[in-house]
file final-v1.cif (mmCIF, C-alpha atoms; chains and numbers go by the auth columns)
data_query
loop_
_atom_site.group_PDB
_atom_site.id
_atom_site.type_symbol
_atom_site.label_atom_id
_atom_site.label_comp_id
_atom_site.label_asym_id
_atom_site.label_seq_id
_atom_site.Cartn_x
_atom_site.Cartn_y
_atom_site.Cartn_z
_atom_site.B_iso_or_equiv
_atom_site.auth_seq_id
_atom_site.auth_asym_id
ATOM 1 C CA MET A 1 81.491 139.238 79.749 0.00 1 A
ATOM 2 C CA ILE A 2 82.839 140.156 76.313 0.00 2 A
ATOM 3 C CA LYS A 3 85.227 142.682 77.847 0.00 3 A
ATOM 4 C CA LYS A 4 86.539 140.067 80.299 0.00 4 A
ATOM 5 C CA THR A 5 87.069 137.546 77.488 0.00 5 A
ATOM 6 C CA PHE A 6 88.851 140.184 75.427 0.00 6 A
ATOM 7 C CA LEU A 7 91.131 141.081 78.347 0.00 7 A
ATOM 8 C CA ILE A 8 92.024 137.427 78.925 0.00 8 A
ATOM 9 C CA LEU A 9 92.826 136.915 75.242 0.00 9 A
ATOM 10 C CA TYR A 10 94.778 140.160 75.137 0.00 10 A
ATOM 11 C CA PHE A 11 96.807 139.129 78.199 0.00 11 A
ATOM 12 C CA ARG A 12 97.580 135.667 76.791 0.00 12 A
ATOM 13 C CA LEU A 13 98.573 137.098 73.422 0.00 13 A
ATOM 14 C CA SER A 14 100.773 139.706 75.104 0.00 14 A
ATOM 15 C CA VAL A 15 102.584 137.066 77.148 0.00 15 A
ATOM 16 C CA PHE A 16 102.994 134.889 74.058 0.00 16 A
ATOM 17 C CA LEU A 17 104.345 137.786 72.005 0.00 17 A
ATOM 18 C CA CYS A 18 106.812 138.705 74.738 0.00 18 A
ATOM 19 C CA MET A 19 108.051 135.113 74.870 0.00 19 A
ATOM 20 C CA CYS A 20 108.496 135.042 71.109 0.00 20 A
ATOM 21 C CA SER A 21 110.259 138.400 71.048 0.00 21 A
ATOM 22 C CA VAL A 22 112.741 137.153 73.616 0.00 22 A
ATOM 23 C CA ALA A 23 113.206 133.990 71.581 0.00 23 A
ATOM 24 C CA VAL A 24 113.938 135.884 68.380 0.00 24 A
ATOM 25 C CA SER A 25 116.252 138.371 70.074 0.00 25 A
ATOM 26 C CA GLY A 26 118.100 135.483 71.735 0.00 26 A
ATOM 27 C CA CYS A 27 118.926 134.090 68.315 0.00 27 A
ATOM 28 C CA HIS A 28 121.564 136.775 67.658 0.00 28 A
ATOM 29 C CA GLU A 29 124.541 134.498 68.384 0.00 29 A
ATOM 30 C CA ALA A 30 123.050 131.624 66.430 0.00 30 A
ATOM 31 C CA ALA A 31 122.189 134.042 63.627 0.00 31 A
ATOM 32 C CA GLU A 32 125.865 134.789 63.176 0.00 32 A
ATOM 33 C CA LYS A 33 126.381 131.088 62.400 0.00 33 A
ATOM 34 C CA SER A 34 123.605 130.970 59.792 0.00 34 A
ATOM 35 C CA GLN A 35 124.214 131.438 56.091 0.00 35 A
ATOM 36 C CA GLY A 36 122.696 133.932 53.695 0.00 36 A
ATOM 37 C CA ASP A 37 120.541 136.995 54.180 0.00 37 A
ATOM 38 C CA THR A 38 117.863 135.339 56.311 0.00 38 A
ATOM 39 C CA ILE A 39 117.573 133.630 59.661 0.00 39 A
ATOM 40 C CA LYS A 40 115.368 130.593 59.362 0.00 40 A
ATOM 41 C CA ILE A 41 113.197 129.635 62.304 0.00 41 A
ATOM 42 C CA GLY A 42 111.090 126.493 62.257 0.00 42 A
ATOM 43 C CA LEU A 43 107.461 126.681 63.331 0.00 43 A
ATOM 44 C CA LEU A 44 106.333 123.251 64.475 0.00 44 A
ATOM 45 C CA LEU A 45 102.653 123.803 65.085 0.00 45 A
ATOM 46 C CA SER A 46 99.506 121.698 64.875 0.00 46 A
ATOM 47 C CA PHE A 47 97.334 122.848 61.999 0.00 47 A
ATOM 48 C CA THR A 48 95.509 119.513 61.957 0.00 48 A
ATOM 49 C CA GLY A 49 94.895 116.902 64.632 0.00 49 A
ATOM 50 C CA SER A 50 93.737 117.299 68.221 0.00 50 A
ATOM 51 C CA LEU A 51 95.643 120.551 68.872 0.00 51 A
ATOM 52 C CA ALA A 52 94.729 122.303 65.625 0.00 52 A
ATOM 53 C CA ALA A 53 92.707 125.049 67.307 0.00 53 A
ATOM 54 C CA SER A 54 95.794 126.835 68.581 0.00 54 A
ATOM 55 C CA GLY A 55 98.140 126.265 65.627 0.00 55 A
ATOM 56 C CA ARG A 56 96.772 128.875 63.201 0.00 56 A
ATOM 57 C CA ASN A 57 96.445 131.548 65.879 0.00 57 A
ATOM 58 C CA SER A 58 100.011 130.945 67.028 0.00 58 A
ATOM 59 C CA GLU A 59 101.216 131.138 63.432 0.00 59 A
ATOM 60 C CA ARG A 60 99.446 134.465 62.875 0.00 60 A
ATOM 61 C CA ALA A 61 100.978 135.934 66.040 0.00 61 A
ATOM 62 C CA LEU A 62 104.462 134.740 65.099 0.00 62 A
ATOM 63 C CA ILE A 63 104.178 136.082 61.555 0.00 63 A
ATOM 64 C CA TRP A 64 103.192 139.461 63.003 0.00 64 A
ATOM 65 C CA ILE A 65 106.242 139.381 65.292 0.00 65 A
ATOM 66 C CA ALA A 66 108.540 138.524 62.369 0.00 66 A
ATOM 67 C CA GLU A 67 107.080 141.399 60.352 0.00 67 A
ATOM 68 C CA GLN A 68 107.808 143.789 63.225 0.00 68 A
ATOM 69 C CA VAL A 69 111.337 142.456 63.715 0.00 69 A
ATOM 70 C CA ASN A 70 112.074 142.572 59.978 0.00 70 A
ATOM 71 C CA ALA A 71 110.658 146.103 59.654 0.00 71 A
ATOM 72 C CA ASN A 72 113.134 147.198 62.320 0.00 72 A
ATOM 73 C CA GLY A 73 116.242 145.742 60.713 0.00 73 A
ATOM 74 C CA GLY A 74 115.830 142.070 61.550 0.00 74 A
ATOM 75 C CA VAL A 75 118.223 140.174 63.813 0.00 75 A
ATOM 76 C CA ALA A 76 121.946 140.701 63.259 0.00 76 A
ATOM 77 C CA ASN A 77 120.990 142.675 60.113 0.00 77 A
ATOM 78 C CA ARG A 78 119.215 139.644 58.659 0.00 78 A
ATOM 79 C CA GLN A 79 115.541 139.091 57.978 0.00 79 A
ATOM 80 C CA VAL A 80 113.637 136.441 59.926 0.00 80 A
ATOM 81 C CA GLU A 81 112.047 133.750 57.770 0.00 81 A
ATOM 82 C CA PHE A 82 109.781 130.975 59.023 0.00 82 A
ATOM 83 C CA VAL A 83 109.810 127.393 57.814 0.00 83 A
ATOM 84 C CA THR A 84 106.422 126.015 58.850 0.00 84 A
ATOM 85 C CA CYS A 85 105.507 122.368 59.333 0.00 85 A
ATOM 86 C CA ASP A 86 102.265 120.812 60.566 0.00 86 A
ATOM 87 C CA SER A 87 102.949 118.335 63.371 0.00 87 A
ATOM 88 C CA ASN A 88 99.421 116.949 62.926 0.00 88 A
ATOM 89 C CA SER A 89 99.480 116.580 66.741 0.00 89 A
ATOM 90 C CA SER A 90 101.595 113.463 66.099 0.00 90 A
ATOM 91 C CA VAL A 91 105.067 112.482 67.332 0.00 91 A
ATOM 92 C CA GLU A 92 105.886 110.655 64.101 0.00 92 A
ATOM 93 C CA ARG A 93 104.835 113.554 61.896 0.00 93 A
ATOM 94 C CA GLY A 94 106.663 116.028 64.133 0.00 94 A
ATOM 95 C CA LEU A 95 109.894 114.057 63.858 0.00 95 A
ATOM 96 C CA ARG A 96 109.572 114.113 60.066 0.00 96 A
ATOM 97 C CA CYS A 97 109.235 117.888 60.335 0.00 97 A
ATOM 98 C CA MET A 98 112.604 117.908 62.120 0.00 98 A
ATOM 99 C CA ASP A 99 114.208 116.468 58.976 0.00 99 A
ATOM 100 C CA THR A 100 112.683 119.318 56.969 0.00 100 A
ATOM 101 C CA PHE A 101 113.919 121.922 59.443 0.00 101 A
ATOM 102 C CA LEU A 102 117.452 120.544 59.484 0.00 102 A
ATOM 103 C CA SER A 103 117.621 120.365 55.684 0.00 103 A
ATOM 104 C CA GLU A 104 116.361 123.982 55.479 0.00 104 A
ATOM 105 C CA GLY A 105 119.025 125.173 57.945 0.00 105 A
ATOM 106 C CA VAL A 106 116.815 126.475 60.751 0.00 106 A
ATOM 107 C CA ILE A 107 118.664 127.778 63.804 0.00 107 A
ATOM 108 C CA ALA A 108 115.659 127.665 66.150 0.00 108 A
ATOM 109 C CA ILE A 109 112.324 125.888 66.444 0.00 109 A
ATOM 110 C CA ILE A 110 109.192 127.282 68.052 0.00 110 A
ATOM 111 C CA GLY A 111 107.004 124.393 69.151 0.00 111 A
ATOM 112 C CA PRO A 112 105.760 121.746 69.474 0.00 112 A
ATOM 113 C CA GLU A 113 102.673 122.265 71.559 0.00 113 A
ATOM 114 C CA PHE A 114 102.783 118.870 73.261 0.00 114 A
ATOM 115 C CA GLU A 115 105.311 117.209 75.520 0.00 115 A
ATOM 116 C CA ASP A 116 105.655 113.759 73.940 0.00 116 A
ATOM 117 C CA LEU A 117 107.111 115.231 70.769 0.00 117 A
ATOM 118 C CA MET A 118 109.205 117.785 72.659 0.00 118 A
ATOM 119 C CA GLU A 119 110.880 114.997 74.644 0.00 119 A
ATOM 120 C CA GLN A 120 111.725 113.115 71.424 0.00 120 A
ATOM 121 C CA MET A 121 113.115 116.247 69.767 0.00 121 A
ATOM 122 C CA ILE A 122 115.513 117.330 72.517 0.00 122 A
ATOM 123 C CA PRO A 123 118.353 114.922 71.621 0.00 123 A
ATOM 124 C CA ILE A 124 118.064 115.972 67.965 0.00 124 A
ATOM 125 C CA THR A 125 118.068 119.696 68.683 0.00 125 A
ATOM 126 C CA ASN A 126 120.984 119.256 71.099 0.00 126 A
ATOM 127 C CA GLN A 127 123.002 117.322 68.520 0.00 127 A
ATOM 128 C CA HIS A 128 122.444 119.970 65.845 0.00 128 A
ATOM 129 C CA GLU A 129 122.693 122.936 68.265 0.00 129 A
ATOM 130 C CA VAL A 130 119.225 124.189 67.380 0.00 130 A
ATOM 131 C CA ILE A 131 117.375 126.365 69.889 0.00 131 A
ATOM 132 C CA GLN A 132 113.963 124.985 70.830 0.00 132 A
ATOM 133 C CA ILE A 133 111.165 126.916 72.538 0.00 133 A
ATOM 134 C CA SER A 134 107.750 125.542 73.400 0.00 134 A
ATOM 135 C CA SER A 135 104.971 127.275 75.278 0.00 135 A
ATOM 136 C CA GLY A 136 102.991 124.049 75.557 0.00 136 A
ATOM 137 C CA SER A 137 105.608 121.765 77.097 0.00 137 A
ATOM 138 C CA THR A 138 105.580 122.483 80.806 0.00 138 A
ATOM 139 C CA SER A 139 106.278 119.113 82.417 0.00 139 A
ATOM 140 C CA PRO A 140 108.878 118.992 85.215 0.00 140 A
ATOM 141 C CA ILE A 141 110.676 116.198 83.322 0.00 141 A
ATOM 142 C CA PHE A 142 112.267 118.853 81.101 0.00 142 A
ATOM 143 C CA THR A 143 114.228 120.254 84.032 0.00 143 A
ATOM 144 C CA ALA A 144 116.041 116.919 84.389 0.00 144 A
ATOM 145 C CA LEU A 145 116.968 116.510 80.718 0.00 145 A
ATOM 146 C CA ASP A 146 120.341 117.538 79.324 0.00 146 A
ATOM 147 C CA THR A 147 119.382 120.545 77.235 0.00 147 A
#

call {"tool": "encode", "arguments": {"input": "final-v1.cif", "output": "structure tokens"}}
result
Amino acid sequence: MIKKTFLILYFRLSVFLCMCSVAVSGCHEAAEKSQGDTIKIGLLLSFTGSLAASGRNSERALIWIAEQVNANGGVANRQVEFVTCDSNSSVERGLRCMDTFLSEGVIAIIGPEFEDLMEQMIPITNQHEVIQISSGSTSPIFTALDT
């Protein structure tokens, strides 16, 4: 039983890490537009609220990925830096996080983990040409939106 649970967790983490690696590597063009020695990526995760259980684990996995990317020269010869904000599993709080991300100059956002906030964020990320990736927003409505 423990081995099966470990294998399931290992598989999920592997898939998640692959998705994040693709996301970071896909930021090369956007990285050329960013300023300074770092590429800022927003982490919009739930550390509190109803989805808090997954937020910290996702953050730890993403920090590990950034460490690996940075140890190997970064992206476009720049180091990856995360700007983290707690969505509190709330649309209102998540939209306030967007203001923080935009003022910090993030070029991509990983999250949120729920669809209501994702739908509200799409017009903002489109307007500011910010890449947005969410593993928790899987509704078919996103295929019909202008993204």

call {"tool": "residues_around", "arguments": {"input": "final-v1.cif", "residues": "segment 37-42 of chain A", "least_positions_apart": "3", "cutoff": "6 Å", "atoms": "only C-alpha atoms", "output": "PyMOL selection string"}}
result
chain A and resi 78-84+106-109

call {"tool": "closest_residue", "arguments": {"input": "final-v1.cif", "among": "A:Ser89, A:Thr100, A:Ser46, A:Gln120", "to": "Ser58 of chain A", "atoms": "only C-alpha atoms"}}
result
A:Ser46

call {"tool": "atom_distance", "arguments": {"input": "final-v1.cif", "atom1": "atom CA of Gly49 of chain A", "atom2": "atom CA of Glu115 of chain A"}}
result
15.1 Å

call {"tool": "resolve_selection", "arguments": {"input": "final-v1.cif", "expression": "the PyMOL selection byres ((chain A and resi 117) around 9)", "output": "PyMOL selection string"}}
result
chain A and resi 89-92+94-95+112-116+118-122

call {"tool": "atom_distance", "arguments": {"input": "final-v1.cif", "atom1": "atom CA of Ile124 of chain A", "atom2": "atom CA of Gly105 of chain A"}}
result
13.6 Å

call {"tool": "closest_residue", "arguments": {"input": "final-v1.cif", "among": "A:Ser87, A:Gly111, A:Leu102, A:Ala76", "to": "Leu62 of chain A", "atoms": "all atoms listed in the file"}}
result
A:Gly111
